[in-house]
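Q: Before we start, here is the structure in question, set down as structure tokens.
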Amino acid sequence: MEPPDFDLAGQVALVTGAGRGIGRDIALTLAACGAHVLAGVRDRDAADRFADDPGPGHVELLLLDVRDVEGTRAAVDAAVSRLGHIDILVNNAGLGANHDALAVTEADWDEMMAVNLRGLFFTTQAVARHMVERGYGRIVNIGSQAGLVGIRRHAVYSASKGGVHALTRVLALEWSASGVTVNAIAPTWIYTPGTAERLDDPAFLADVLSRIPLGRVGTTADVAAAVVYLASRAAGLVTGAVLPLDGGWTAQ
Ligand SMILES: NC(=O)c1ccc[n+]([C@@H]2O[C@H](COP(=O)([O-])OP(=O)(O)OC[C@H]3O[C@@H](n4cnc5c(N)ncnc54)[C@H](OP(=O)(O)O)[C@@H]3O)[C@@H](O)[C@H]2O)c1
């Protein structure tokens, strides 16, 4: 029997929001599995964050702000013209903020939706055009447990991530005949620069841990491992799935 095929050699992967946190580790891990990675960053300074730890594969920075639909489309088209194809898209760019529902402003709502939902959809559309035409693609969306269950003070974030999960299912159906799979990962709290301030508060951390049966928050490596599976040829029968990566939070 052949071992499962997790080798990404010869494949091109685009990771959005790859300058730090989960996205950076996903980019480095896909490169370690052999992919040529286009690391979507908003700022050339992010190059410094790859300089110390380039990984064994190839990581190339691509300037990308997912709120800019035209700019994203142009950057994707230019990358496909130059490299021939994009096999893997990881929609990781996202904003996270807590609000009391009664205090949410229109600006709060629009800012988060512009990145987490609108940006994700139009980035996916830009890349999927090429994947559908070519007949192969792996799209992995970073959702959240907050899109699966209610979490207080997460109204806008939860709505955006629930939307990501819904889009995952619809797009999986639309592109299933074209060899393009679309899946999502729904992580619990992951320790990153975006969450460090909250998780470094002992009372906050204790509350989070009381809800995670496996007894720890996640690491960027936990998320990257799941991305590698869903991005690989080995996951060829998986589409429209939302994989909880939550230590059991949503199993209760
Ligand atoms: N950490 C968690 O506990 C957790 C749990 C569940 C899901 N998630 C999801 O996982 C993803 C990554 O989270 P994280 O904790 O690694 O976040 P993070 O440390 O705050 O990093 C977010 C990344 O997204 C980028 N970004 C923000 N706005 C963007 C835009 N308009 N266009 C392109 N990139 C943009 C940021 O770029 P700049 O550096 O340029 O700002 C940054 O690289 C998000 O979708 C988040 O919702 C995180």
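Naming works like this for the structure tokens: A, B, ... for the chains as they're shown, residue 1 at the start of each chain, ligands 1 onward in shown order.
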Could the residues of chain A that have an atom at most 8 Å from ligand 1 be listed as a Markdown table, each with its closest atom pair and the distance in Å to one decimal, counting only C-alpha atoms and all ligand atoms and ordered by chain and ascending residue number?

A:
```
| residue | atom | partner | partner_atom_place_in_ligand_line | distance |
| --- | --- | --- | --- | --- |
| A:Thr16 | CA | ligand 1 | 34 (N) | 5.8 |
| A:Gly17 | CA | ligand 1 | 25 (C) | 3.7 |
| A:Ala18 | CA | ligand 1 | 43 (O) | 5.0 |
| A:Gly19 | CA | ligand 1 | 43 (O) | 4.3 |
| A:Arg20 | CA | ligand 1 | 43 (O) | 4.6 |
| A:Gly21 | CA | ligand 1 | 16 (O) | 3.6 |
| A:Ile22 | CA | ligand 1 | 16 (O) | 3.8 |
| A:Gly23 | CA | ligand 1 | 16 (O) | 5.7 |
| A:Arg24 | CA | ligand 1 | 43 (O) | 7.4 |
| A:Gly40 | CA | ligand 1 | 33 (C) | 6.8 |
| A:Val41 | CA | ligand 1 | 40 (O) | 5.9 |
| A:Arg42 | CA | ligand 1 | 40 (O) | 4.6 |
| A:Asp43 | CA | ligand 1 | 40 (O) | 6.1 |
| A:Ala46 | CA | ligand 1 | 39 (O) | 7.5 |
| A:Leu64 | CA | ligand 1 | 33 (C) | 5.7 |
| A:Asp65 | CA | ligand 1 | 32 (N) | 3.5 |
| A:Val66 | CA | ligand 1 | 32 (N) | 4.1 |
| A:Arg67 | CA | ligand 1 | 31 (N) | 5.0 |
| A:Asp68 | CA | ligand 1 | 31 (N) | 7.8 |
| A:Asn91 | CA | ligand 1 | 45 (O) | 7.4 |
| A:Asn92 | CA | ligand 1 | 45 (O) | 4.6 |
| A:Ala93 | CA | ligand 1 | 24 (O) | 3.7 |
| A:Gly94 | CA | ligand 1 | 45 (O) | 3.5 |
| A:Leu95 | CA | ligand 1 | 47 (O) | 5.6 |
| A:Gly96 | CA | ligand 1 | 47 (O) | 5.5 |
| A:Ala114 | CA | ligand 1 | 31 (N) | 7.5 |
| A:Val115 | CA | ligand 1 | 31 (N) | 5.2 |
| A:Asn116 | CA | ligand 1 | 45 (O) | 6.6 |
| A:Gly119 | CA | ligand 1 | 31 (N) | 7.3 |
| A:Ile142 | CA | ligand 1 | 45 (O) | 5.4 |
| A:Gly143 | CA | ligand 1 | 7 (C) | 5.6 |
| A:Ser144 | CA | ligand 1 | 6 (C) | 4.3 |
| A:Gln145 | CA | ligand 1 | 6 (C) | 6.5 |
| A:Ala146 | CA | ligand 1 | 6 (C) | 7.5 |
| A:Tyr157 | CA | ligand 1 | 47 (O) | 7.8 |
| A:Lys161 | CA | ligand 1 | 47 (O) | 7.6 |
| A:Ala186 | CA | ligand 1 | 6 (C) | 6.3 |
| A:Pro187 | CA | ligand 1 | 6 (C) | 4.4 |
| A:Thr188 | CA | ligand 1 | 5 (C) | 5.1 |
| A:Trp189 | CA | ligand 1 | 3 (O) | 3.4 |
| A:Ile190 | CA | ligand 1 | 3 (O) | 3.6 |
| A:Tyr191 | CA | ligand 1 | 1 (N) | 5.7 |
| A:Thr192 | CA | ligand 1 | 15 (O) | 5.0 |
| A:Pro193 | CA | ligand 1 | 19 (O) | 4.6 |
| A:Gly194 | CA | ligand 1 | 20 (O) | 3.8 |
| A:Thr195 | CA | ligand 1 | 1 (N) | 5.5 |
| A:Gly218 | CA | ligand 1 | 3 (O) | 7.6 |
| A:Thr220 | CA | ligand 1 | 16 (O) | 7.6 |
```

Q: Take the residues that were just selected and, keeping N, CA and C atoms, output them as a short mmCIF file (atom, residue, chain, number, x, y, z; two decimals), in the first residue's frame.

A:
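Final file, selection-v9.cif:
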```cif
data_model
loop_
_atom_site.label_atom_id
_atom_site.label_comp_id
_atom_site.auth_asym_id
_atom_site.auth_seq_id
_atom_site.Cartn_x
_atom_site.Cartn_y
_atom_site.Cartn_z
N THR A 16 -2.68 34.08 2.80
CA THR A 16 -2.93 35.50 3.10
C THR A 16 -2.62 35.77 4.58
N GLY A 17 -2.27 37.01 4.88
CA GLY A 17 -1.95 37.39 6.27
C GLY A 17 -0.80 36.58 6.82
N ALA A 18 0.24 36.41 5.99
CA ALA A 18 1.33 35.50 6.35
C ALA A 18 2.48 36.17 7.08
N GLY A 19 2.34 37.44 7.41
CA GLY A 19 3.45 38.16 8.01
C GLY A 19 3.73 37.81 9.46
N ARG A 20 2.76 37.22 10.14
CA ARG A 20 2.97 36.92 11.55
C ARG A 20 1.97 35.84 11.99
N GLY A 21 2.10 35.40 13.22
CA GLY A 21 1.11 34.51 13.84
C GLY A 21 0.90 33.22 13.08
N ILE A 22 -0.36 32.82 13.00
CA ILE A 22 -0.72 31.54 12.38
C ILE A 22 -0.31 31.53 10.91
N GLY A 23 -0.53 32.63 10.21
CA GLY A 23 -0.23 32.67 8.78
C GLY A 23 1.24 32.45 8.49
N ARG A 24 2.10 33.03 9.31
CA ARG A 24 3.54 32.87 9.10
C ARG A 24 3.92 31.40 9.25
N GLY A 40 1.43 36.20 1.56
CA GLY A 40 0.74 37.48 1.42
C GLY A 40 1.01 38.36 2.63
N VAL A 41 1.58 39.54 2.38
CA VAL A 41 1.87 40.49 3.46
C VAL A 41 1.42 41.87 3.01
N ARG A 42 1.18 42.75 3.99
CA ARG A 42 0.74 44.10 3.63
C ARG A 42 1.90 45.07 3.57
N ASP A 43 3.06 44.57 3.97
CA ASP A 43 4.16 45.49 4.23
C ASP A 43 5.48 44.75 3.99
N ALA A 46 7.68 42.90 6.58
CA ALA A 46 7.44 41.53 7.03
C ALA A 46 8.55 40.60 6.57
N LEU A 64 -0.18 42.08 -0.47
CA LEU A 64 -1.61 41.77 -0.63
C LEU A 64 -2.39 42.31 0.55
N ASP A 65 -3.34 43.21 0.25
CA ASP A 65 -4.30 43.64 1.26
C ASP A 65 -5.65 43.12 0.77
N VAL A 66 -6.25 42.19 1.49
CA VAL A 66 -7.45 41.51 0.95
C VAL A 66 -8.66 42.44 0.86
N ARG A 67 -8.59 43.64 1.45
CA ARG A 67 -9.70 44.59 1.30
C ARG A 67 -9.71 45.20 -0.10
N ASP A 68 -8.56 45.14 -0.77
CA ASP A 68 -8.40 45.74 -2.09
C ASP A 68 -8.67 44.65 -3.14
N ASN A 91 -6.75 30.97 3.15
CA ASN A 91 -7.33 32.26 3.55
C ASN A 91 -7.19 32.39 5.06
N ASN A 92 -6.09 33.03 5.46
CA ASN A 92 -5.78 33.17 6.88
C ASN A 92 -5.98 34.59 7.39
N ALA A 93 -5.82 35.60 6.52
CA ALA A 93 -5.88 37.00 6.99
C ALA A 93 -7.18 37.21 7.75
N GLY A 94 -7.07 37.81 8.91
CA GLY A 94 -8.29 38.03 9.69
C GLY A 94 -8.04 38.99 10.83
N LEU A 95 -9.11 39.66 11.22
CA LEU A 95 -9.08 40.55 12.39
C LEU A 95 -9.86 39.89 13.51
N GLY A 96 -9.42 40.10 14.74
CA GLY A 96 -10.16 39.60 15.89
C GLY A 96 -10.30 40.72 16.90
N ALA A 114 -14.93 43.50 6.25
CA ALA A 114 -14.15 43.81 5.05
C ALA A 114 -12.97 42.85 4.89
N VAL A 115 -12.43 42.40 6.01
CA VAL A 115 -11.27 41.49 5.95
C VAL A 115 -11.74 40.04 6.05
N ASN A 116 -12.48 39.72 7.13
CA ASN A 116 -12.77 38.32 7.45
C ASN A 116 -13.72 37.66 6.46
N GLY A 119 -13.17 40.17 2.15
CA GLY A 119 -11.81 39.96 1.63
C GLY A 119 -11.57 38.50 1.32
N ILE A 142 -9.43 29.72 7.17
CA ILE A 142 -9.29 29.69 8.62
C ILE A 142 -10.54 30.33 9.23
N GLY A 143 -11.40 29.47 9.75
CA GLY A 143 -12.61 29.90 10.45
C GLY A 143 -12.31 30.05 11.92
N SER A 144 -13.25 29.62 12.75
CA SER A 144 -13.05 29.72 14.20
C SER A 144 -14.12 28.91 14.93
N GLN A 145 -13.77 28.48 16.14
CA GLN A 145 -14.81 27.87 16.98
C GLN A 145 -15.94 28.87 17.24
N ALA A 146 -15.60 30.16 17.16
CA ALA A 146 -16.62 31.21 17.38
C ALA A 146 -17.64 31.25 16.25
N TYR A 157 -17.28 39.12 15.24
CA TYR A 157 -16.30 38.09 14.85
C TYR A 157 -17.01 36.77 14.55
N LYS A 161 -17.07 34.64 11.05
CA LYS A 161 -16.53 33.27 10.93
C LYS A 161 -17.63 32.27 10.59
N ALA A 186 -11.54 25.30 12.18
CA ALA A 186 -12.17 26.15 13.20
C ALA A 186 -11.38 26.02 14.50
N PRO A 187 -10.34 26.85 14.66
CA PRO A 187 -9.48 26.72 15.85
C PRO A 187 -10.11 27.34 17.09
N THR A 188 -9.71 26.79 18.23
CA THR A 188 -9.94 27.45 19.51
C THR A 188 -8.89 28.55 19.67
N TRP A 189 -8.70 29.04 20.88
CA TRP A 189 -7.67 30.06 21.12
C TRP A 189 -6.30 29.50 20.76
N ILE A 190 -5.58 30.26 19.93
CA ILE A 190 -4.22 29.90 19.53
C ILE A 190 -3.32 31.04 20.02
N TYR A 191 -2.22 30.67 20.62
CA TYR A 191 -1.31 31.71 21.14
C TYR A 191 -0.56 32.36 19.98
N THR A 192 -0.83 33.63 19.72
CA THR A 192 -0.17 34.38 18.62
C THR A 192 0.02 35.82 19.08
N PRO A 193 0.74 36.63 18.29
CA PRO A 193 0.86 38.05 18.66
C PRO A 193 -0.51 38.72 18.81
N GLY A 194 -1.51 38.23 18.05
CA GLY A 194 -2.85 38.83 18.11
C GLY A 194 -3.61 38.47 19.38
N THR A 195 -3.26 37.36 20.04
CA THR A 195 -3.99 36.92 21.24
C THR A 195 -3.15 36.94 22.51
N GLY A 218 -4.19 26.29 21.69
CA GLY A 218 -3.49 25.76 20.52
C GLY A 218 -2.20 26.50 20.22
N THR A 220 0.46 27.60 16.80
CA THR A 220 0.40 27.82 15.35
C THR A 220 0.73 26.52 14.62
#
```

Q: For CA of Arg134 (chain A) and CA of Gly179 (chain A), quote the distance in Å rounded to one decimal.

A: 8.7 Å

Q: Apply DSSP to the backbone of this structure and, from region 2-249 of chain A, keep only the residues in alpha helix (DSSP H); write these as number ranges by chain.

A: A: 21-32, 48-51, 69-83, 106-113, 120-134, 155-175, 196-199, 202-210, 220-231

Q: Pull C-alpha atoms from the residues just selected and write them as a tab-separated table (two decimals), in the first residue's frame.

A:
```
chain	number	residue	atom	x	y	z
A	21	GLY	CA	1.11	34.51	13.84
A	22	ILE	CA	-0.72	31.54	12.38
A	23	GLY	CA	-0.23	32.67	8.78
A	24	ARG	CA	3.54	32.87	9.10
A	25	ASP	CA	3.72	29.34	10.49
A	26	ILE	CA	1.41	28.01	7.79
A	27	ALA	CA	3.64	29.59	5.13
A	28	LEU	CA	6.83	28.11	6.62
A	29	THR	CA	5.22	24.69	7.11
A	30	LEU	CA	3.90	24.50	3.54
A	31	ALA	CA	7.38	25.45	2.35
A	32	ALA	CA	8.86	22.74	4.57
A	48	ASP	CA	12.42	40.50	8.34
A	49	ARG	CA	10.09	38.01	9.98
A	50	PHE	CA	11.06	35.33	7.47
A	51	ALA	CA	14.74	36.17	7.33
A	69	VAL	CA	-10.33	43.46	-4.46
A	70	GLU	CA	-8.86	44.87	-7.68
A	71	GLY	CA	-5.31	44.85	-6.31
A	72	THR	CA	-5.68	41.28	-5.07
A	73	ARG	CA	-7.03	40.10	-8.41
A	74	ALA	CA	-4.14	41.77	-10.24
A	75	ALA	CA	-1.54	40.26	-7.87
A	76	VAL	CA	-3.07	36.79	-8.25
A	77	ASP	CA	-3.24	37.04	-12.05
A	78	ALA	CA	0.37	38.23	-12.20
A	79	ALA	CA	1.52	35.35	-9.97
A	80	VAL	CA	-0.32	32.80	-12.12
A	81	SER	CA	1.16	34.29	-15.32
A	82	ARG	CA	4.62	34.06	-13.86
A	83	LEU	CA	4.44	30.70	-12.02
A	106	GLU	CA	-21.07	50.40	12.05
A	107	ALA	CA	-17.36	51.04	11.69
A	108	ASP	CA	-16.54	48.02	13.90
A	109	TRP	CA	-18.83	45.83	11.82
A	110	ASP	CA	-17.57	47.08	8.44
A	111	GLU	CA	-13.88	46.86	9.39
A	112	MET	CA	-14.08	43.22	10.45
A	113	MET	CA	-16.36	42.07	7.64
A	120	LEU	CA	-11.82	36.18	1.99
A	121	PHE	CA	-14.58	35.77	-0.59
A	122	PHE	CA	-13.02	37.95	-3.28
A	123	THR	CA	-9.52	36.54	-2.73
A	124	THR	CA	-11.01	33.09	-3.17
A	125	GLN	CA	-12.84	34.17	-6.31
A	126	ALA	CA	-9.61	35.60	-7.79
A	127	VAL	CA	-7.66	32.38	-7.18
A	128	ALA	CA	-10.46	29.89	-7.86
A	129	ARG	CA	-11.00	31.21	-11.39
A	130	HIS	CA	-7.59	29.77	-12.27
A	131	MET	CA	-8.08	26.57	-10.24
A	132	VAL	CA	-11.45	25.78	-11.83
A	133	GLU	CA	-10.04	26.38	-15.32
A	134	ARG	CA	-7.12	24.07	-14.59
A	155	ALA	CA	-20.93	39.07	17.94
A	156	VAL	CA	-19.20	40.55	14.91
A	157	TYR	CA	-16.30	38.09	14.85
A	158	SER	CA	-18.67	35.12	15.23
A	159	ALA	CA	-20.88	36.39	12.43
A	160	SER	CA	-17.86	36.77	10.16
A	161	LYS	CA	-16.53	33.27	10.93
A	162	GLY	CA	-19.97	31.66	10.69
A	163	GLY	CA	-20.10	33.29	7.25
A	164	VAL	CA	-16.72	31.76	6.39
A	165	HIS	CA	-18.04	28.30	7.31
A	166	ALA	CA	-21.17	28.83	5.20
A	167	LEU	CA	-19.13	30.02	2.22
A	168	THR	CA	-16.90	26.96	2.60
A	169	ARG	CA	-19.87	24.65	2.08
A	170	VAL	CA	-21.35	26.59	-0.85
A	171	LEU	CA	-18.06	26.94	-2.73
A	172	ALA	CA	-17.24	23.26	-2.11
A	173	LEU	CA	-20.46	22.35	-3.91
A	174	GLU	CA	-19.99	24.82	-6.77
A	175	TRP	CA	-16.46	23.67	-7.57
A	196	ALA	CA	-0.94	37.11	23.51
A	197	GLU	CA	-2.18	40.09	25.48
A	198	ARG	CA	-5.44	38.33	26.41
A	199	LEU	CA	-3.92	34.88	26.99
A	202	PRO	CA	-3.95	34.46	34.12
A	203	ALA	CA	-7.66	34.90	34.92
A	204	PHE	CA	-8.58	35.01	31.23
A	205	LEU	CA	-6.40	32.00	30.46
A	206	ALA	CA	-7.89	29.99	33.35
A	207	ASP	CA	-11.40	30.69	32.03
A	208	VAL	CA	-10.40	29.59	28.51
A	209	LEU	CA	-8.72	26.42	29.78
A	210	SER	CA	-11.78	25.49	31.83
A	220	THR	CA	0.40	27.82	15.35
A	221	ALA	CA	1.90	24.38	14.61
A	222	ASP	CA	-1.44	22.71	15.47
A	223	VAL	CA	-3.13	24.82	12.82
A	224	ALA	CA	-0.36	24.40	10.24
A	225	ALA	CA	-0.53	20.60	10.56
A	226	ALA	CA	-4.24	20.58	9.74
A	227	VAL	CA	-3.63	22.90	6.79
A	228	VAL	CA	-1.01	20.54	5.36
A	229	TYR	CA	-3.51	17.66	5.46
A	230	LEU	CA	-6.35	19.61	3.82
A	231	ALA	CA	-3.94	21.13	1.25
```

Q: Could you work out how far CA of Leu245 (chain A) lies from CA of Ala103 (chain A), giving the answer in Å with one decimal?

A: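 Separating CA of Ala103 (chain A) from CA of Leu245 (chain A) is a distance of 29.8 Å.
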
Q: Interatomic distance between CA of Gly150 (chain A) and CA of Val238 (chain A)?

A: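 Separation of CA of Gly150 (chain A) and CA of Val238 (chain A): 26.0 Å.
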
Q: Just asking: which residues within region 14-174 of chain A are strand (DSSP E) according to DSSP, as a PyMOL selection string?

A: chain A and resi 14-15+36-41+58-63+88-91+137-142

Q: Find, counting only C-alpha atoms, the residue in A:Gly215, A:Gly147, A:Gly137, A:Pro3 that gets nearest to Val242 (chain A).

A: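 Residue with the minimum atom-to-atom distance to Val242 (chain A): A:Gly147.
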